>>> print(open('final_15.txt').read())   # compact mmCIF, N, CA and C atoms
# COMPACT_ATOMS: atom_id res chain seq x y z
N MET A 193 0.83 -1.19 0.00
CA MET A 193 0.00 0.00 0.00
C MET A 193 0.88 1.25 0.00
N ALA A 194 0.54 2.20 -0.82
CA ALA A 194 1.26 3.45 -0.89
C ALA A 194 0.94 4.30 0.33
N GLU A 195 1.92 5.10 0.73
CA GLU A 195 1.68 6.00 1.87
C GLU A 195 0.81 7.16 1.43
N LEU A 196 -0.05 7.59 2.36
CA LEU A 196 -0.90 8.74 2.08
C LEU A 196 -0.15 10.02 2.37
N THR A 197 -0.54 11.07 1.70
CA THR A 197 0.04 12.39 1.97
C THR A 197 -0.58 12.94 3.25
N ALA A 198 0.02 13.99 3.75
CA ALA A 198 -0.51 14.64 4.96
C ALA A 198 -1.92 15.19 4.69
N ARG A 199 -2.16 15.71 3.49
CA ARG A 199 -3.50 16.23 3.15
C ARG A 199 -4.53 15.11 3.11
N GLN A 200 -4.12 13.94 2.57
CA GLN A 200 -5.04 12.80 2.53
C GLN A 200 -5.36 12.32 3.95
N GLU A 201 -4.34 12.26 4.79
CA GLU A 201 -4.56 11.84 6.18
C GLU A 201 -5.50 12.82 6.89
N LYS A 202 -5.28 14.10 6.66
CA LYS A 202 -6.16 15.11 7.28
C LYS A 202 -7.59 14.94 6.78
N PHE A 203 -7.75 14.63 5.51
CA PHE A 203 -9.09 14.44 4.96
C PHE A 203 -9.76 13.21 5.60
N ILE A 204 -9.02 12.15 5.80
CA ILE A 204 -9.59 10.96 6.47
C ILE A 204 -10.02 11.31 7.88
N ILE A 205 -9.20 12.04 8.60
CA ILE A 205 -9.57 12.46 9.96
C ILE A 205 -10.85 13.30 9.91
N SER A 206 -10.93 14.18 8.96
CA SER A 206 -12.13 15.02 8.80
C SER A 206 -13.35 14.17 8.45
N LEU A 207 -13.17 13.20 7.55
CA LEU A 207 -14.29 12.32 7.19
C LEU A 207 -14.80 11.55 8.41
N MET A 208 -13.88 11.18 9.28
CA MET A 208 -14.26 10.40 10.46
C MET A 208 -14.92 11.27 11.54
N SER A 209 -14.67 12.55 11.52
CA SER A 209 -15.17 13.40 12.60
C SER A 209 -16.32 14.32 12.21
N LYS A 210 -16.58 14.46 10.93
CA LYS A 210 -17.65 15.36 10.48
C LYS A 210 -18.85 14.54 10.02
N MET A 211 -20.01 15.19 10.02
CA MET A 211 -21.25 14.50 9.67
C MET A 211 -21.43 14.30 8.16
N THR A 212 -20.89 15.19 7.37
CA THR A 212 -21.07 15.09 5.92
C THR A 212 -19.72 15.22 5.21
N THR A 213 -19.71 14.76 3.98
CA THR A 213 -18.49 14.89 3.17
C THR A 213 -18.17 16.36 2.93
N ALA A 214 -19.21 17.16 2.71
CA ALA A 214 -18.99 18.60 2.49
C ALA A 214 -18.31 19.23 3.69
N GLU A 215 -18.75 18.88 4.89
CA GLU A 215 -18.10 19.42 6.10
C GLU A 215 -16.67 18.93 6.21
N ALA A 216 -16.42 17.68 5.83
CA ALA A 216 -15.07 17.13 5.89
C ALA A 216 -14.15 17.83 4.89
N ILE A 217 -14.68 18.11 3.72
CA ILE A 217 -13.90 18.83 2.70
C ILE A 217 -13.49 20.20 3.22
N GLU A 218 -14.45 20.90 3.79
CA GLU A 218 -14.17 22.24 4.33
C GLU A 218 -13.16 22.15 5.47
N ASP A 219 -13.38 21.20 6.38
CA ASP A 219 -12.49 21.05 7.53
C ASP A 219 -11.06 20.71 7.11
N ALA A 220 -10.93 19.88 6.07
CA ALA A 220 -9.60 19.48 5.60
C ALA A 220 -8.93 20.56 4.78
N GLY A 221 -9.69 21.57 4.36
CA GLY A 221 -9.11 22.66 3.59
C GLY A 221 -8.73 22.26 2.18
N ILE A 222 -9.51 21.36 1.59
CA ILE A 222 -9.25 20.95 0.21
C ILE A 222 -10.48 21.29 -0.64
N ASN A 223 -10.30 21.29 -1.96
CA ASN A 223 -11.45 21.58 -2.80
C ASN A 223 -12.19 20.28 -3.13
N LYS A 224 -13.40 20.43 -3.62
CA LYS A 224 -14.29 19.29 -3.86
C LYS A 224 -13.70 18.30 -4.85
N SER A 225 -13.10 18.81 -5.92
CA SER A 225 -12.54 17.89 -6.93
C SER A 225 -11.39 17.07 -6.36
N THR A 226 -10.57 17.68 -5.51
CA THR A 226 -9.49 16.94 -4.87
C THR A 226 -10.05 15.87 -3.95
N ALA A 227 -11.09 16.22 -3.20
CA ALA A 227 -11.71 15.26 -2.28
C ALA A 227 -12.22 14.04 -3.04
N TYR A 228 -12.92 14.28 -4.14
CA TYR A 228 -13.47 13.16 -4.90
C TYR A 228 -12.39 12.36 -5.63
N LYS A 229 -11.29 13.04 -5.97
CA LYS A 229 -10.14 12.32 -6.54
C LYS A 229 -9.57 11.37 -5.48
N TYR A 230 -9.44 11.87 -4.23
CA TYR A 230 -8.98 11.02 -3.13
C TYR A 230 -9.93 9.85 -2.91
N LEU A 231 -11.22 10.12 -2.89
CA LEU A 231 -12.20 9.07 -2.60
C LEU A 231 -12.20 7.97 -3.67
N HIS A 232 -11.78 8.29 -4.88
CA HIS A 232 -11.71 7.29 -5.94
C HIS A 232 -10.34 6.64 -6.06
N ASP A 233 -9.39 7.09 -5.26
CA ASP A 233 -8.05 6.51 -5.27
C ASP A 233 -8.08 5.21 -4.45
N PRO A 234 -7.65 4.09 -5.02
CA PRO A 234 -7.71 2.81 -4.30
C PRO A 234 -6.94 2.79 -2.98
N ASP A 235 -5.77 3.38 -2.94
CA ASP A 235 -4.99 3.40 -1.70
C ASP A 235 -5.70 4.21 -0.62
N PHE A 236 -6.21 5.36 -1.00
CA PHE A 236 -6.95 6.19 -0.06
C PHE A 236 -8.19 5.46 0.43
N SER A 237 -8.95 4.90 -0.50
CA SER A 237 -10.18 4.19 -0.15
C SER A 237 -9.92 3.02 0.77
N ASN A 238 -8.87 2.27 0.50
CA ASN A 238 -8.52 1.13 1.36
C ASN A 238 -8.17 1.58 2.77
N GLU A 239 -7.40 2.65 2.87
CA GLU A 239 -7.02 3.15 4.20
C GLU A 239 -8.24 3.71 4.94
N TYR A 240 -9.07 4.43 4.25
CA TYR A 240 -10.29 4.99 4.86
C TYR A 240 -11.20 3.85 5.35
N ARG A 241 -11.35 2.83 4.51
CA ARG A 241 -12.16 1.67 4.88
C ARG A 241 -11.56 0.94 6.09
N ARG A 242 -10.24 0.81 6.12
CA ARG A 242 -9.57 0.14 7.23
C ARG A 242 -9.82 0.89 8.54
N ILE A 243 -9.70 2.21 8.49
CA ILE A 243 -9.91 3.02 9.69
C ILE A 243 -11.37 2.94 10.14
N ARG A 244 -12.30 3.00 9.19
CA ARG A 244 -13.72 2.89 9.54
C ARG A 244 -14.02 1.53 10.17
N ARG A 245 -13.45 0.47 9.61
CA ARG A 245 -13.66 -0.88 10.14
C ARG A 245 -13.10 -0.98 11.56
N GLU A 246 -11.91 -0.45 11.76
CA GLU A 246 -11.28 -0.47 13.08
C GLU A 246 -12.12 0.30 14.09
N THR A 247 -12.64 1.45 13.68
CA THR A 247 -13.50 2.25 14.56
C THR A 247 -14.76 1.48 14.93
N MET A 248 -15.37 0.83 13.95
CA MET A 248 -16.59 0.06 14.23
C MET A 248 -16.30 -1.14 15.13
N GLN A 249 -15.14 -1.74 15.00
CA GLN A 249 -14.78 -2.85 15.88
C GLN A 249 -14.66 -2.36 17.32
N GLN A 250 -14.10 -1.17 17.51
CA GLN A 250 -14.00 -0.60 18.85
C GLN A 250 -15.38 -0.30 19.42
N ILE A 251 -16.26 0.24 18.59
CA ILE A 251 -17.62 0.56 19.03
C ILE A 251 -18.37 -0.72 19.38
N THR A 252 -18.23 -1.74 18.54
CA THR A 252 -18.88 -3.02 18.80
C THR A 252 -18.39 -3.62 20.11
N SER A 253 -17.12 -3.52 20.36
CA SER A 253 -16.56 -4.02 21.62
C SER A 253 -17.17 -3.31 22.82
N LYS A 254 -17.32 -1.99 22.73
CA LYS A 254 -17.94 -1.23 23.81
C LYS A 254 -19.39 -1.65 24.02
N LEU A 255 -20.11 -1.86 22.91
CA LEU A 255 -21.50 -2.31 23.01
C LEU A 255 -21.59 -3.69 23.66
N GLN A 256 -20.68 -4.57 23.28
CA GLN A 256 -20.69 -5.90 23.88
C GLN A 256 -20.39 -5.83 25.37
N ASN A 257 -19.48 -4.96 25.76
CA ASN A 257 -19.18 -4.81 27.18
C ASN A 257 -20.37 -4.24 27.95
N ALA A 258 -21.12 -3.35 27.32
CA ALA A 258 -22.27 -2.73 27.97
C ALA A 258 -23.49 -3.64 27.98
N SER A 259 -23.47 -4.68 27.17
CA SER A 259 -24.65 -5.54 27.06
C SER A 259 -24.99 -6.25 28.36
N SER A 260 -23.99 -6.60 29.17
CA SER A 260 -24.29 -7.26 30.44
C SER A 260 -25.03 -6.30 31.39
N ILE A 261 -24.67 -5.04 31.35
CA ILE A 261 -25.38 -4.04 32.16
C ILE A 261 -26.81 -3.88 31.65
N ALA A 262 -26.97 -3.90 30.33
CA ALA A 262 -28.31 -3.77 29.75
C ALA A 262 -29.19 -4.95 30.15
N VAL A 263 -28.62 -6.15 30.14
CA VAL A 263 -29.38 -7.33 30.55
C VAL A 263 -29.77 -7.24 32.02
N GLU A 264 -28.85 -6.82 32.85
CA GLU A 264 -29.17 -6.66 34.28
C GLU A 264 -30.28 -5.64 34.48
N THR A 265 -30.24 -4.56 33.73
CA THR A 265 -31.29 -3.54 33.82
C THR A 265 -32.64 -4.11 33.40
N LEU A 266 -32.65 -4.84 32.29
CA LEU A 266 -33.90 -5.47 31.85
C LEU A 266 -34.43 -6.43 32.91
N LEU A 267 -33.54 -7.22 33.48
CA LEU A 267 -33.97 -8.17 34.51
C LEU A 267 -34.49 -7.46 35.75
N ASP A 268 -33.84 -6.37 36.13
CA ASP A 268 -34.31 -5.57 37.27
C ASP A 268 -35.71 -5.03 37.03
N VAL A 269 -35.92 -4.45 35.85
CA VAL A 269 -37.23 -3.90 35.51
C VAL A 269 -38.27 -5.02 35.45
N MET A 270 -37.88 -6.14 34.86
CA MET A 270 -38.79 -7.25 34.66
C MET A 270 -39.27 -7.86 35.99
N THR A 271 -38.40 -7.85 36.98
CA THR A 271 -38.73 -8.53 38.24
C THR A 271 -39.16 -7.58 39.36
N ASP A 272 -39.06 -6.29 39.16
CA ASP A 272 -39.39 -5.32 40.21
C ASP A 272 -40.88 -4.96 40.15
N LYS A 273 -41.67 -5.65 40.97
CA LYS A 273 -43.12 -5.42 40.97
C LYS A 273 -43.51 -4.16 41.73
N GLU A 274 -42.60 -3.65 42.56
CA GLU A 274 -42.92 -2.45 43.34
C GLU A 274 -42.70 -1.16 42.57
N LEU A 275 -41.56 -1.05 41.91
CA LEU A 275 -41.20 0.22 41.26
C LEU A 275 -41.47 0.23 39.75
N SER A 276 -41.54 -0.94 39.12
CA SER A 276 -41.76 -0.99 37.67
C SER A 276 -43.25 -1.16 37.39
N THR A 277 -43.71 -0.43 36.39
CA THR A 277 -45.11 -0.58 35.99
C THR A 277 -45.27 -1.92 35.27
N SER A 278 -46.49 -2.39 35.19
CA SER A 278 -46.72 -3.67 34.51
C SER A 278 -46.34 -3.56 33.03
N SER A 279 -46.60 -2.42 32.41
CA SER A 279 -46.24 -2.29 30.99
C SER A 279 -44.72 -2.30 30.80
N SER A 280 -43.98 -1.71 31.71
CA SER A 280 -42.52 -1.73 31.58
C SER A 280 -41.98 -3.14 31.84
N ARG A 281 -42.61 -3.89 32.75
CA ARG A 281 -42.19 -5.28 33.00
C ARG A 281 -42.47 -6.14 31.77
N VAL A 282 -43.64 -5.92 31.14
CA VAL A 282 -43.98 -6.67 29.93
C VAL A 282 -43.00 -6.33 28.81
N GLN A 283 -42.70 -5.06 28.64
CA GLN A 283 -41.76 -4.65 27.59
C GLN A 283 -40.37 -5.24 27.83
N ALA A 284 -39.92 -5.22 29.08
CA ALA A 284 -38.61 -5.80 29.41
C ALA A 284 -38.63 -7.30 29.12
N SER A 285 -39.72 -7.97 29.50
CA SER A 285 -39.84 -9.41 29.24
C SER A 285 -39.82 -9.69 27.74
N ARG A 286 -40.54 -8.90 26.98
CA ARG A 286 -40.59 -9.07 25.52
C ARG A 286 -39.20 -8.89 24.93
N THR A 287 -38.49 -7.90 25.39
CA THR A 287 -37.14 -7.64 24.88
C THR A 287 -36.21 -8.82 25.17
N VAL A 288 -36.29 -9.34 26.40
CA VAL A 288 -35.46 -10.49 26.77
C VAL A 288 -35.79 -11.69 25.89
N LEU A 289 -37.07 -11.98 25.73
CA LEU A 289 -37.48 -13.13 24.91
C LEU A 289 -37.09 -12.96 23.44
N GLU A 290 -37.32 -11.78 22.89
CA GLU A 290 -36.97 -11.54 21.48
C GLU A 290 -35.48 -11.74 21.24
N ASN A 291 -34.68 -11.25 22.16
CA ASN A 291 -33.23 -11.39 21.99
C ASN A 291 -32.78 -12.82 22.24
N ALA A 292 -33.44 -13.53 23.12
CA ALA A 292 -33.11 -14.94 23.34
C ALA A 292 -33.39 -15.74 22.07
N TYR A 293 -34.55 -15.48 21.45
CA TYR A 293 -34.88 -16.16 20.20
C TYR A 293 -33.89 -15.80 19.09
N LYS A 294 -33.52 -14.54 19.01
CA LYS A 294 -32.54 -14.13 17.99
C LYS A 294 -31.21 -14.85 18.20
N GLY A 295 -30.81 -15.01 19.46
CA GLY A 295 -29.57 -15.72 19.76
C GLY A 295 -29.62 -17.16 19.29
N ILE A 296 -30.76 -17.82 19.51
CA ILE A 296 -30.92 -19.21 19.05
C ILE A 296 -30.89 -19.26 17.53
N GLU A 297 -31.58 -18.32 16.89
CA GLU A 297 -31.58 -18.28 15.42
C GLU A 297 -30.17 -18.09 14.88
N MET A 298 -29.41 -17.22 15.51
CA MET A 298 -28.03 -16.96 15.06
C MET A 298 -27.18 -18.22 15.24
N ASP A 299 -27.34 -18.91 16.36
CA ASP A 299 -26.60 -20.15 16.57
C ASP A 299 -26.96 -21.19 15.51
N ASP A 300 -28.27 -21.31 15.22
CA ASP A 300 -28.72 -22.26 14.20
C ASP A 300 -28.12 -21.91 12.83
N LEU A 301 -28.16 -20.63 12.48
CA LEU A 301 -27.59 -20.20 11.20
C LEU A 301 -26.09 -20.48 11.13
N GLN A 302 -25.40 -20.20 12.22
CA GLN A 302 -23.96 -20.45 12.25
C GLN A 302 -23.67 -21.93 12.05
N GLN A 303 -24.46 -22.79 12.70
CA GLN A 303 -24.28 -24.23 12.54
C GLN A 303 -24.53 -24.66 11.09
N ARG A 304 -25.58 -24.12 10.48
CA ARG A 304 -25.89 -24.46 9.09
C ARG A 304 -24.78 -23.99 8.15
N ILE A 305 -24.25 -22.81 8.39
CA ILE A 305 -23.15 -22.30 7.56
C ILE A 305 -21.93 -23.20 7.69
N GLU A 306 -21.62 -23.59 8.91
CA GLU A 306 -20.46 -24.47 9.12
C GLU A 306 -20.65 -25.81 8.42
N GLN A 307 -21.88 -26.36 8.47
CA GLN A 307 -22.15 -27.62 7.79
C GLN A 307 -22.01 -27.47 6.28
N LEU A 308 -22.51 -26.36 5.73
CA LEU A 308 -22.38 -26.11 4.29
C LEU A 308 -20.91 -25.95 3.90
N GLU A 309 -20.15 -25.24 4.72
CA GLU A 309 -18.72 -25.06 4.43
C GLU A 309 -17.99 -26.39 4.45
N GLU A 310 -18.36 -27.27 5.38
CA GLU A 310 -17.74 -28.59 5.44
C GLU A 310 -18.06 -29.38 4.18
N ARG A 311 -19.33 -29.33 3.75
CA ARG A 311 -19.72 -30.06 2.53
C ARG A 311 -18.97 -29.52 1.32
N LEU A 312 -18.86 -28.20 1.22
CA LEU A 312 -18.14 -27.59 0.10
C LEU A 312 -16.66 -27.95 0.13
N GLY A 313 -16.12 -28.06 1.33
CA GLY A 313 -14.72 -28.41 1.48
C GLY A 313 -14.42 -29.85 1.11
N ASP A 314 -15.43 -30.70 1.25
CA ASP A 314 -15.25 -32.13 0.91
C ASP A 314 -15.24 -32.37 -0.58
N ASN A 315 -15.77 -31.43 -1.36
CA ASN A 315 -15.86 -31.62 -2.82
C ASN A 315 -14.59 -31.27 -3.53
>>> encode(input="final_15.txt", output="structure tokens")
Amino acid sequence: MAELTARQEKFIISLMSKMTTAEAIEDAGINKSTAYKYLHDPDFSNEYRRIRRETMQQITSKLQNASSIAVETLLDVMTDKELSTSSSRVQASRTVLENAYKGIEMDDLQQRIEQLEERLGDN
């Protein structure tokens, strides 16, 4: 992979921190045609994609870490007959059940994918 220029790196930082491409272009201090030239450059695009993927992996990790707290909160609401309303207990119960079913579905799909991959590998 070719090294990016300082302007390209600044544009990537701007793309990651601004809400729109137009804002990123302005923040990076480049013109629109240069920005779109960068966006169509394979080296730039690969690096931008790599950074976005890395950022999303960090966010996903944070969400996974927070999920145990979320489950505890749902269980607290679901079982607290004194402070939780019946509708909030029902909603918490529904959320727990829906996610439990989704987990089973994901496990089943993963098993089916692995079986298909094994069959394809045998051929």
>>> select_by_dssp(input="final_15.txt", residues="chain A", states="alpha helix (DSSP H)", output="ChimeraX atom specification")
/A:198-209,213-220,224-231,234-271,278-314
>>> residues_around(input="final_15.txt", residues="Arg281 in chain A", least_positions_apart="3", cutoff="10 Å", atoms="only C-alpha atoms", output="mmCIF file with N, CA and C atoms, keeping the file's coordinate frame")
data_model
loop_
_atom_site.group_PDB
_atom_site.id
_atom_site.type_symbol
_atom_site.label_atom_id
_atom_site.label_comp_id
_atom_site.auth_asym_id
_atom_site.auth_seq_id
_atom_site.Cartn_x
_atom_site.Cartn_y
_atom_site.Cartn_z
ATOM 1 N N LEU A 266 -32.650 -4.840 32.290
ATOM 2 C CA LEU A 266 -33.900 -5.470 31.850
ATOM 3 C C LEU A 266 -34.430 -6.430 32.910
ATOM 4 N N LEU A 267 -33.540 -7.220 33.480
ATOM 5 C CA LEU A 267 -33.970 -8.170 34.510
ATOM 6 C C LEU A 267 -34.490 -7.460 35.750
ATOM 7 N N ASP A 268 -33.840 -6.370 36.130
ATOM 8 C CA ASP A 268 -34.310 -5.570 37.270
ATOM 9 C C ASP A 268 -35.710 -5.030 37.030
ATOM 10 N N VAL A 269 -35.920 -4.450 35.850
ATOM 11 C CA VAL A 269 -37.230 -3.900 35.510
ATOM 12 C C VAL A 269 -38.270 -5.020 35.450
ATOM 13 N N MET A 270 -37.880 -6.140 34.860
ATOM 14 C CA MET A 270 -38.790 -7.250 34.660
ATOM 15 C C MET A 270 -39.270 -7.860 35.990
ATOM 16 N N THR A 271 -38.400 -7.850 36.980
ATOM 17 C CA THR A 271 -38.730 -8.530 38.240
ATOM 18 C C THR A 271 -39.160 -7.580 39.360
ATOM 19 N N ASP A 272 -39.060 -6.290 39.160
ATOM 20 C CA ASP A 272 -39.390 -5.320 40.210
ATOM 21 C C ASP A 272 -40.880 -4.960 40.150
ATOM 22 N N LYS A 273 -41.670 -5.650 40.970
ATOM 23 C CA LYS A 273 -43.120 -5.420 40.970
ATOM 24 C C LYS A 273 -43.510 -4.160 41.730
ATOM 25 N N LEU A 275 -41.560 -1.050 41.910
ATOM 26 C CA LEU A 275 -41.200 0.220 41.260
ATOM 27 C C LEU A 275 -41.470 0.230 39.750
ATOM 28 N N SER A 276 -41.540 -0.940 39.120
ATOM 29 C CA SER A 276 -41.760 -0.990 37.670
ATOM 30 C C SER A 276 -43.250 -1.160 37.390
ATOM 31 N N THR A 277 -43.710 -0.430 36.390
ATOM 32 C CA THR A 277 -45.110 -0.580 35.990
ATOM 33 C C THR A 277 -45.270 -1.920 35.270
ATOM 34 N N SER A 278 -46.490 -2.390 35.190
ATOM 35 C CA SER A 278 -46.720 -3.670 34.510
ATOM 36 C C SER A 278 -46.340 -3.560 33.030
ATOM 37 N N ALA A 284 -39.920 -5.220 29.080
ATOM 38 C CA ALA A 284 -38.610 -5.800 29.410
ATOM 39 C C ALA A 284 -38.630 -7.300 29.120
ATOM 40 N N SER A 285 -39.720 -7.970 29.500
ATOM 41 C CA SER A 285 -39.840 -9.410 29.240
ATOM 42 C C SER A 285 -39.820 -9.690 27.740
ATOM 43 N N ARG A 286 -40.540 -8.900 26.980
ATOM 44 C CA ARG A 286 -40.590 -9.070 25.520
ATOM 45 C C ARG A 286 -39.200 -8.890 24.930
ATOM 46 N N THR A 287 -38.490 -7.900 25.390
ATOM 47 C CA THR A 287 -37.140 -7.640 24.880
ATOM 48 C C THR A 287 -36.210 -8.820 25.170
#
>>> atom_distance(input="final_15.txt", atom1="atom N of Arg245 in chain A", atom2="atom N of Ser209 in chain A")
12.3 Å
>>> atom_distance(input="final_15.txt", atom1="CA of Glu201 in chain A", atom2="CA of Arg241 in chain A")
12.8 Å
>>> atom_distance(input="final_15.txt", atom1="atom N of Asp233 in chain A", atom2="atom N of Gln249 in chain A")
22.8 Å
>>> axis_aligned_box(input="final_15.txt", around="range 232-247 of chain A", padding_each_side="4 Å", output="JSON")
{"center_x": -9.9, "center_y": 3.7, "center_z": 4.4, "size_x": 17.8, "size_y": 17.3, "size_z": 29.0}
>>> closest_residue(input="final_15.txt", among="A:Thr247, A:Glu274, A:Val263, A:Phe236", to="Leu289 in chain A", atoms="only C-alpha atoms")
A:Val263
>>> residues_around(input="final_15.txt", residues="Gln200 in chain A", least_positions_apart="3", cutoff="12 Å", atoms="only C-alpha atoms", output="JSON, numbers by chain")
{"A": [194, 195, 196, 197, 203, 204, 205, 206, 207, 216, 217, 220, 221, 222, 226, 227, 228, 229, 230, 231, 233, 235, 236, 237, 239, 240]}
>>> write_last_selection(input="final_15.txt", atoms="N, CA and C atoms", output="mmCIF file, in the coordinates of the input")
data_model
loop_
_atom_site.group_PDB
_atom_site.id
_atom_site.type_symbol
_atom_site.label_atom_id
_atom_site.label_comp_id
_atom_site.auth_asym_id
_atom_site.auth_seq_id
_atom_site.Cartn_x
_atom_site.Cartn_y
_atom_site.Cartn_z
ATOM 1 N N ALA A 194 0.540 2.200 -0.820
ATOM 2 C CA ALA A 194 1.260 3.450 -0.890
ATOM 3 C C ALA A 194 0.940 4.300 0.330
ATOM 4 N N GLU A 195 1.920 5.100 0.730
ATOM 5 C CA GLU A 195 1.680 6.000 1.870
ATOM 6 C C GLU A 195 0.810 7.160 1.430
ATOM 7 N N LEU A 196 -0.050 7.590 2.360
ATOM 8 C CA LEU A 196 -0.900 8.740 2.080
ATOM 9 C C LEU A 196 -0.150 10.020 2.370
ATOM 10 N N THR A 197 -0.540 11.070 1.700
ATOM 11 C CA THR A 197 0.040 12.390 1.970
ATOM 12 C C THR A 197 -0.580 12.940 3.250
ATOM 13 N N PHE A 203 -7.750 14.630 5.510
ATOM 14 C CA PHE A 203 -9.090 14.440 4.960
ATOM 15 C C PHE A 203 -9.760 13.210 5.600
ATOM 16 N N ILE A 204 -9.020 12.150 5.800
ATOM 17 C CA ILE A 204 -9.590 10.960 6.470
ATOM 18 C C ILE A 204 -10.020 11.310 7.880
ATOM 19 N N ILE A 205 -9.200 12.040 8.600
ATOM 20 C CA ILE A 205 -9.570 12.460 9.960
ATOM 21 C C ILE A 205 -10.850 13.300 9.910
ATOM 22 N N SER A 206 -10.930 14.180 8.960
ATOM 23 C CA SER A 206 -12.130 15.020 8.800
ATOM 24 C C SER A 206 -13.350 14.170 8.450
ATOM 25 N N LEU A 207 -13.170 13.200 7.550
ATOM 26 C CA LEU A 207 -14.290 12.320 7.190
ATOM 27 C C LEU A 207 -14.800 11.550 8.410
ATOM 28 N N ALA A 216 -16.420 17.680 5.830
ATOM 29 C CA ALA A 216 -15.070 17.130 5.890
ATOM 30 C C ALA A 216 -14.150 17.830 4.890
ATOM 31 N N ILE A 217 -14.680 18.110 3.720
ATOM 32 C CA ILE A 217 -13.900 18.830 2.700
ATOM 33 C C ILE A 217 -13.490 20.200 3.220
ATOM 34 N N ALA A 220 -10.930 19.880 6.070
ATOM 35 C CA ALA A 220 -9.600 19.480 5.600
ATOM 36 C C ALA A 220 -8.930 20.560 4.780
ATOM 37 N N GLY A 221 -9.690 21.570 4.360
ATOM 38 C CA GLY A 221 -9.110 22.660 3.590
ATOM 39 C C GLY A 221 -8.730 22.260 2.180
ATOM 40 N N ILE A 222 -9.510 21.360 1.590
ATOM 41 C CA ILE A 222 -9.250 20.950 0.210
ATOM 42 C C ILE A 222 -10.480 21.290 -0.640
ATOM 43 N N THR A 226 -10.570 17.680 -5.510
ATOM 44 C CA THR A 226 -9.490 16.940 -4.870
ATOM 45 C C THR A 226 -10.050 15.870 -3.950
ATOM 46 N N ALA A 227 -11.090 16.220 -3.200
ATOM 47 C CA ALA A 227 -11.710 15.260 -2.280
ATOM 48 C C ALA A 227 -12.220 14.040 -3.040
ATOM 49 N N TYR A 228 -12.920 14.280 -4.140
ATOM 50 C CA TYR A 228 -13.470 13.160 -4.900
ATOM 51 C C TYR A 228 -12.390 12.360 -5.630
ATOM 52 N N LYS A 229 -11.290 13.040 -5.970
ATOM 53 C CA LYS A 229 -10.140 12.320 -6.540
ATOM 54 C C LYS A 229 -9.570 11.370 -5.480
ATOM 55 N N TYR A 230 -9.440 11.870 -4.230
ATOM 56 C CA TYR A 230 -8.980 11.020 -3.130
ATOM 57 C C TYR A 230 -9.930 9.850 -2.910
ATOM 58 N N LEU A 231 -11.220 10.120 -2.890
ATOM 59 C CA LEU A 231 -12.200 9.070 -2.600
ATOM 60 C C LEU A 231 -12.200 7.970 -3.670
ATOM 61 N N ASP A 233 -9.390 7.090 -5.260
ATOM 62 C CA ASP A 233 -8.050 6.510 -5.270
ATOM 63 C C ASP A 233 -8.080 5.210 -4.450
ATOM 64 N N ASP A 235 -5.770 3.380 -2.940
ATOM 65 C CA ASP A 235 -4.990 3.400 -1.700
ATOM 66 C C ASP A 235 -5.700 4.210 -0.620
ATOM 67 N N PHE A 236 -6.210 5.360 -1.000
ATOM 68 C CA PHE A 236 -6.950 6.190 -0.060
ATOM 69 C C PHE A 236 -8.190 5.460 0.430
ATOM 70 N N SER A 237 -8.950 4.900 -0.500
ATOM 71 C CA SER A 237 -10.180 4.190 -0.150
ATOM 72 C C SER A 237 -9.920 3.020 0.770
ATOM 73 N N GLU A 239 -7.400 2.650 2.870
ATOM 74 C CA GLU A 239 -7.020 3.150 4.200
ATOM 75 C C GLU A 239 -8.240 3.710 4.940
ATOM 76 N N TYR A 240 -9.070 4.430 4.250
ATOM 77 C CA TYR A 240 -10.290 4.990 4.860
ATOM 78 C C TYR A 240 -11.200 3.850 5.350
#
